[in-house]
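Engineer: This is the content of final.txt (compact mmCIF, C-alpha atoms):
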# COMPACT_ATOMS: atom_id res chain seq x y z
CA MET L 1 95.01 107.86 121.01
CA THR L 2 96.35 107.35 117.48
CA PRO L 3 93.75 106.05 115.02
CA ILE L 4 94.40 102.67 113.45
CA PRO L 5 94.86 103.07 109.70
CA SER L 6 92.21 101.40 107.58
CA ILE L 7 93.28 98.93 104.91
CA ALA L 8 91.17 99.18 101.77
CA LEU L 9 89.31 96.07 100.79
CA ALA L 10 90.13 94.74 97.33
CA ASP L 11 87.17 94.92 94.98
CA PHE L 12 85.53 91.59 94.19
CA GLN L 13 87.01 91.29 90.68
CA THR L 14 90.55 91.70 92.04
CA PHE L 15 89.85 89.32 94.92
CA TYR L 16 88.47 86.70 92.51
CA ALA L 17 91.31 87.13 90.01
CA TYR L 18 93.91 86.54 92.74
CA ARG L 19 92.00 83.91 94.73
CA GLY L 20 94.74 81.28 94.27
CA ARG L 21 97.32 83.41 96.04
CA THR L 22 94.72 84.51 98.60
CA VAL L 23 93.98 80.82 99.32
CA ASP L 24 97.70 80.17 99.77
CA ALA L 25 97.99 83.12 102.18
CA MET L 26 94.96 81.89 104.14
CA ARG L 27 96.36 78.36 104.42
CA LYS L 28 99.85 79.51 105.39
CA HIS L 29 98.99 82.30 107.82
CA GLY L 30 95.45 81.60 109.03
CA GLY L 31 94.10 79.41 111.79
CA GLY L 32 91.85 76.38 111.47
CA PHE L 33 88.71 78.25 110.45
CA VAL L 34 90.53 80.41 107.91
CA SER L 35 92.27 77.33 106.47
CA GLY L 36 88.90 75.61 106.11
CA LEU L 37 87.50 78.67 104.41
CA ALA L 38 90.51 78.62 102.08
CA THR L 39 89.51 75.11 100.99
CA ALA L 40 85.97 76.32 100.32
CA LEU L 41 87.28 79.33 98.36
CA SER L 42 89.57 77.11 96.28
CA ARG L 43 86.52 75.11 95.19
CA ALA L 44 84.10 78.01 94.85
CA ASP L 45 82.60 79.26 91.63
CA GLY L 46 82.09 83.00 91.23
CA ASN L 47 78.75 83.02 93.07
CA ASN L 48 80.10 81.18 96.12
CA ALA L 49 83.33 83.19 96.14
CA ARG L 50 81.14 86.30 96.22
CA LYS L 51 79.35 84.94 99.29
CA ILE L 52 82.70 84.46 101.07
CA TYR L 53 83.76 87.98 100.02
CA ASP L 54 80.52 89.53 101.29
CA THR L 55 80.26 87.48 104.50
CA TRP L 56 83.83 87.74 105.78
CA PRO L 57 85.28 91.11 104.68
CA GLU L 58 87.88 90.87 107.46
CA ILE L 59 89.24 87.69 105.83
CA VAL L 60 89.51 89.51 102.50
CA ARG L 61 91.16 92.47 104.25
CA ASP L 62 93.63 90.29 106.17
CA PHE L 63 94.59 87.77 103.45
CA GLY L 64 93.47 89.19 100.10
CA PRO L 65 95.21 91.47 97.59
CA GLY L 66 96.84 94.44 99.30
CA SER L 67 97.23 92.71 102.66
CA HIS L 68 100.51 91.96 104.40
CA PHE L 69 99.93 88.18 104.30
CA PHE L 70 99.12 88.34 100.58
CA GLU L 71 102.32 90.27 99.89
CA VAL L 72 104.56 87.83 101.79
CA THR L 73 103.01 84.76 100.15
CA PRO L 74 104.90 83.63 97.03
CA GLN L 75 103.06 83.78 93.72
Kindly transcribe the structure held in the file into structure tokens.
Structural biologist:
Amino acid sequence: MTPIPSIALADFQTFYAYRGRTVDAMRKHGGGFVSGLATALSRADGNNARKIYDTWPEIVRDFGPGSHFFEVTPQ
């Protein structure tokens, strides 16, 4: 069985700096929960954005900087 490659998680500073594009990727490519979380992230200050980052690392991995959905979402 071939191992699935791991995608590195963006560090928090990068995630926070590019949160606008991450929010757009979440809204465009995510389901209902992810879209709702995108709304929360768009309104979050640094402390609350950090909670999202820490609580849902798979969301950061799938929609944040370095992810496929992030790359195909216009700036």
Engineer: One number please: CA of Phe69 (chain L) to CA of Thr55 (chain L), in Å, one decimal.
Structural biologist: 19.7 Å
Engineer: Name the closest residue to Arg19 (chain L) among the candidates L:Ser42, L:Thr73, L:Glu58, L:Ser67; distances are taken between atoms, counting all atoms listed in the file.
Structural biologist: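 Closest residue, counting all atoms listed in the file: L:Ser42.
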Engineer: Contacts of Leu41 (chain L) at 9 Å or less, counting only C-alpha atoms, minus same-chain residues fewer than 5 places along, as a VMD selection string?
Structural biologist: chain L and resid 19 to 20 23 36 48 to 49 52
Engineer: What's the 12 Å shell around Gln13 (chain L), counting all atoms listed in the file, without same-chain residues fewer than 4 positions away, as a CSV table (one decimal) with C-alpha atoms, in the frame of the given file?
Structural biologist:
chain,number,residue,atom,x,y,z
L,9,LEU,CA,89.3,96.1,100.8
L,17,ALA,CA,91.3,87.1,90.0
L,18,TYR,CA,93.9,86.5,92.7
L,19,ARG,CA,92.0,83.9,94.7
L,46,GLY,CA,82.1,83.0,91.2
L,47,ASN,CA,78.8,83.0,93.1
L,49,ALA,CA,83.3,83.2,96.1
L,50,ARG,CA,81.1,86.3,96.2
L,53,TYR,CA,83.8,88.0,100.0
L,64,GLY,CA,93.5,89.2,100.1
L,65,PRO,CA,95.2,91.5,97.6
Engineer: Which residue out of L:Lys51, L:Phe15, L:Pro57, L:Phe70 has the minimum interatomic distance to Arg27 (chain L) when all atoms listed in the file are used?
Structural biologist: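 Residue with the minimum atom-to-atom distance to Arg27 (chain L): L:Phe70.
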Engineer: Using only C-alpha atoms, which residue out of L:Gly32, L:Pro74, L:Arg61, L:Thr39 lies closest to Asp11 (chain L)?
Structural biologist: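 Of all the options, L:Arg61 lies closest to Asp11 (chain L).
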Engineer: Figure out the distance between CA of Ala10 (chain L) and CA of Arg43 (chain L), please, to one decimal in Å.
Structural biologist: 20.1 Å
Engineer: For the point (95.6, 85.3, 104.7) in the file's frame, write as a PDB file with C-alpha atoms, keeping the file's coordinate frame all residues with an atom no more than 6 Å away, counting all atoms listed in the file.
Structural biologist:
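Below is the file that was written, selection.pdb:
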ATOM      1  CA  ALA L  25      97.990  83.120 102.180  1.00  0.00           C
ATOM      2  CA  MET L  26      94.960  81.890 104.140  1.00  0.00           C
ATOM      3  CA  HIS L  29      98.990  82.300 107.820  1.00  0.00           C
ATOM      4  CA  GLY L  30      95.450  81.600 109.030  1.00  0.00           C
ATOM      5  CA  ASP L  62      93.630  90.290 106.170  1.00  0.00           C
ATOM      6  CA  PHE L  63      94.590  87.770 103.450  1.00  0.00           C
ATOM      7  CA  PHE L  69      99.930  88.180 104.300  1.00  0.00           C
TER       8      PHE L  69
END
Engineer: Distance CA of Arg21 (chain L)-CA of Val60 (chain L), one decimal place?
Structural biologist: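 Taking CA of Arg21 (chain L) as the start and CA of Val60 (chain L) as the end point, the length is 11.8 Å.
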Engineer: Using all atoms listed in the file, can you tell me which of L:Val72, L:Ala44, L:Val34, L:Ile59 comes closest to Tyr16 (chain L)?
Structural biologist: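 With all atoms listed in the file as the atom set, the closest residue is L:Ala44.
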Engineer: Which residue, L:Asp45, L:Thr14, L:Thr22, L:Trp56, has the smallest gap to His68 (chain L) when you use all atoms listed in the file?
Structural biologist: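 Distance minimum relative to His68 (chain L) lands on L:Thr22.
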Engineer: Taking into account all atoms listed in the file, which residue in the set L:Ala40, L:Phe12, L:Phe33, L:Asp24 is nearest to Asp54 (chain L)?
Structural biologist: L:Phe12
Engineer: Can region 23-57 of chain L be brought up to N, CA and C atoms and written out as a PDB file, in the frame of the given file?
Structural biologist:
ATOM      1  N   VAL L  23      94.139  82.138  98.690  1.00  0.00           N
ATOM      2  CA  VAL L  23      93.980  80.820  99.320  1.00  0.00           C
ATOM      3  C   VAL L  23      95.299  80.380  99.943  1.00  0.00           C
ATOM      4  N   ASP L  24      96.390  80.547  99.223  1.00  0.00           N
ATOM      5  CA  ASP L  24      97.700  80.170  99.770  1.00  0.00           C
ATOM      6  C   ASP L  24      98.025  80.971 101.027  1.00  0.00           C
ATOM      7  N   ALA L  25      97.742  82.274 101.009  1.00  0.00           N
ATOM      8  CA  ALA L  25      97.990  83.120 102.180  1.00  0.00           C
ATOM      9  C   ALA L  25      97.126  82.672 103.359  1.00  0.00           C
ATOM     10  N   MET L  26      95.871  82.341 103.088  1.00  0.00           N
ATOM     11  CA  MET L  26      94.960  81.890 104.140  1.00  0.00           C
ATOM     12  C   MET L  26      95.445  80.586 104.760  1.00  0.00           C
ATOM     13  N   ARG L  27      95.884  79.663 103.918  1.00  0.00           N
ATOM     14  CA  ARG L  27      96.360  78.360 104.420  1.00  0.00           C
ATOM     15  C   ARG L  27      97.656  78.512 105.218  1.00  0.00           C
ATOM     16  N   LYS L  28      98.548  79.369 104.744  1.00  0.00           N
ATOM     17  CA  LYS L  28      99.850  79.510 105.390  1.00  0.00           C
ATOM     18  C   LYS L  28      99.786  80.322 106.681  1.00  0.00           C
ATOM     19  N   HIS L  29      98.960  81.357 106.706  1.00  0.00           N
ATOM     20  CA  HIS L  29      98.990  82.300 107.820  1.00  0.00           C
ATOM     21  C   HIS L  29      97.732  82.297 108.697  1.00  0.00           C
ATOM     22  N   GLY L  30      96.702  81.603 108.277  1.00  0.00           N
ATOM     23  CA  GLY L  30      95.450  81.600 109.030  1.00  0.00           C
ATOM     24  C   GLY L  30      95.361  80.436 109.996  1.00  0.00           C
ATOM     25  N   GLY L  31      94.371  80.501 110.852  1.00  0.00           N
ATOM     26  CA  GLY L  31      94.100  79.410 111.790  1.00  0.00           C
ATOM     27  C   GLY L  31      93.221  78.353 111.139  1.00  0.00           C
ATOM     28  N   GLY L  32      92.651  77.496 111.962  1.00  0.00           N
ATOM     29  CA  GLY L  32      91.850  76.380 111.470  1.00  0.00           C
ATOM     30  C   GLY L  32      90.634  76.801 110.664  1.00  0.00           C
ATOM     31  N   PHE L  33      89.894  77.789 111.159  1.00  0.00           N
ATOM     32  CA  PHE L  33      88.710  78.250 110.450  1.00  0.00           C
ATOM     33  C   PHE L  33      89.092  78.879 109.114  1.00  0.00           C
ATOM     34  N   VAL L  34      90.099  79.727 109.134  1.00  0.00           N
ATOM     35  CA  VAL L  34      90.530  80.410 107.910  1.00  0.00           C
ATOM     36  C   VAL L  34      91.063  79.389 106.900  1.00  0.00           C
ATOM     37  N   SER L  35      91.780  78.379 107.372  1.00  0.00           N
ATOM     38  CA  SER L  35      92.270  77.330 106.470  1.00  0.00           C
ATOM     39  C   SER L  35      91.115  76.559 105.841  1.00  0.00           C
ATOM     40  N   GLY L  36      90.081  76.283 106.643  1.00  0.00           N
ATOM     41  CA  GLY L  36      88.900  75.610 106.110  1.00  0.00           C
ATOM     42  C   GLY L  36      88.180  76.467 105.086  1.00  0.00           C
ATOM     43  N   LEU L  37      88.107  77.746 105.356  1.00  0.00           N
ATOM     44  CA  LEU L  37      87.500  78.670 104.410  1.00  0.00           C
ATOM     45  C   LEU L  37      88.325  78.759 103.131  1.00  0.00           C
ATOM     46  N   ALA L  38      89.635  78.633 103.265  1.00  0.00           N
ATOM     47  CA  ALA L  38      90.510  78.620 102.080  1.00  0.00           C
ATOM     48  C   ALA L  38      90.176  77.438 101.182  1.00  0.00           C
ATOM     49  N   THR L  39      89.902  76.290 101.774  1.00  0.00           N
ATOM     50  CA  THR L  39      89.510  75.110 100.990  1.00  0.00           C
ATOM     51  C   THR L  39      88.207  75.389 100.256  1.00  0.00           C
ATOM     52  N   ALA L  40      87.250  75.984 100.957  1.00  0.00           N
ATOM     53  CA  ALA L  40      85.970  76.320 100.320  1.00  0.00           C
ATOM     54  C   ALA L  40      86.189  77.314  99.177  1.00  0.00           C
ATOM     55  N   LEU L  41      87.018  78.334  99.395  1.00  0.00           N
ATOM     56  CA  LEU L  41      87.280  79.330  98.360  1.00  0.00           C
ATOM     57  C   LEU L  41      87.972  78.707  97.158  1.00  0.00           C
ATOM     58  N   SER L  42      88.865  77.752  97.403  1.00  0.00           N
ATOM     59  CA  SER L  42      89.570  77.110  96.280  1.00  0.00           C
ATOM     60  C   SER L  42      88.632  76.308  95.400  1.00  0.00           C
ATOM     61  N   ARG L  43      87.488  75.905  95.938  1.00  0.00           N
ATOM     62  CA  ARG L  43      86.520  75.110  95.190  1.00  0.00           C
ATOM     63  C   ARG L  43      85.324  75.926  94.711  1.00  0.00           C
ATOM     64  N   ALA L  44      85.278  77.181  95.100  1.00  0.00           N
ATOM     65  CA  ALA L  44      84.100  78.010  94.850  1.00  0.00           C
ATOM     66  C   ALA L  44      84.045  78.533  93.420  1.00  0.00           C
ATOM     67  N   ASP L  45      82.821  78.549  92.881  1.00  0.00           N
ATOM     68  CA  ASP L  45      82.600  79.260  91.630  1.00  0.00           C
ATOM     69  C   ASP L  45      82.443  80.743  91.978  1.00  0.00           C
ATOM     70  N   GLY L  46      82.197  81.569  90.999  1.00  0.00           N
ATOM     71  CA  GLY L  46      82.090  83.000  91.230  1.00  0.00           C
ATOM     72  C   GLY L  46      80.999  83.374  92.224  1.00  0.00           C
ATOM     73  N   ASN L  47      79.854  82.700  92.150  1.00  0.00           N
ATOM     74  CA  ASN L  47      78.750  83.020  93.070  1.00  0.00           C
ATOM     75  C   ASN L  47      79.116  82.705  94.510  1.00  0.00           C
ATOM     76  N   ASN L  48      79.730  81.556  94.752  1.00  0.00           N
ATOM     77  CA  ASN L  48      80.100  81.180  96.120  1.00  0.00           C
ATOM     78  C   ASN L  48      81.294  81.984  96.624  1.00  0.00           C
ATOM     79  N   ALA L  49      82.217  82.323  95.738  1.00  0.00           N
ATOM     80  CA  ALA L  49      83.330  83.190  96.140  1.00  0.00           C
ATOM     81  C   ALA L  49      82.787  84.556  96.556  1.00  0.00           C
ATOM     82  N   ARG L  50      81.752  85.013  95.865  1.00  0.00           N
ATOM     83  CA  ARG L  50      81.140  86.300  96.220  1.00  0.00           C
ATOM     84  C   ARG L  50      80.515  86.242  97.610  1.00  0.00           C
ATOM     85  N   LYS L  51      79.932  85.102  97.958  1.00  0.00           N
ATOM     86  CA  LYS L  51      79.350  84.940  99.290  1.00  0.00           C
ATOM     87  C   LYS L  51      80.431  85.012 100.372  1.00  0.00           C
ATOM     88  N   ILE L  52      81.574  84.395 100.118  1.00  0.00           N
ATOM     89  CA  ILE L  52      82.700  84.460 101.070  1.00  0.00           C
ATOM     90  C   ILE L  52      83.165  85.909 101.183  1.00  0.00           C
ATOM     91  N   TYR L  53      83.315  86.571 100.053  1.00  0.00           N
ATOM     92  CA  TYR L  53      83.760  87.980 100.020  1.00  0.00           C
ATOM     93  C   TYR L  53      82.810  88.872 100.816  1.00  0.00           C
ATOM     94  N   ASP L  54      81.520  88.679 100.624  1.00  0.00           N
ATOM     95  CA  ASP L  54      80.520  89.530 101.290  1.00  0.00           C
ATOM     96  C   ASP L  54      80.358  89.191 102.778  1.00  0.00           C
ATOM     97  N   THR L  55      80.506  87.913 103.129  1.00  0.00           N
ATOM     98  CA  THR L  55      80.260  87.480 104.500  1.00  0.00           C
ATOM     99  C   THR L  55      81.432  87.735 105.431  1.00  0.00           C
ATOM    100  N   TRP L  56      82.636  87.589 104.943  1.00  0.00           N
ATOM    101  CA  TRP L  56      83.830  87.740 105.780  1.00  0.00           C
ATOM    102  C   TRP L  56      84.772  88.804 105.205  1.00  0.00           C
ATOM    103  N   PRO L  57      84.390  90.072 105.233  1.00  0.00           N
ATOM    104  CA  PRO L  57      85.280  91.110 104.680  1.00  0.00           C
ATOM    105  C   PRO L  57      86.603  91.206 105.426  1.00  0.00           C
TER     106      PRO L  57
END
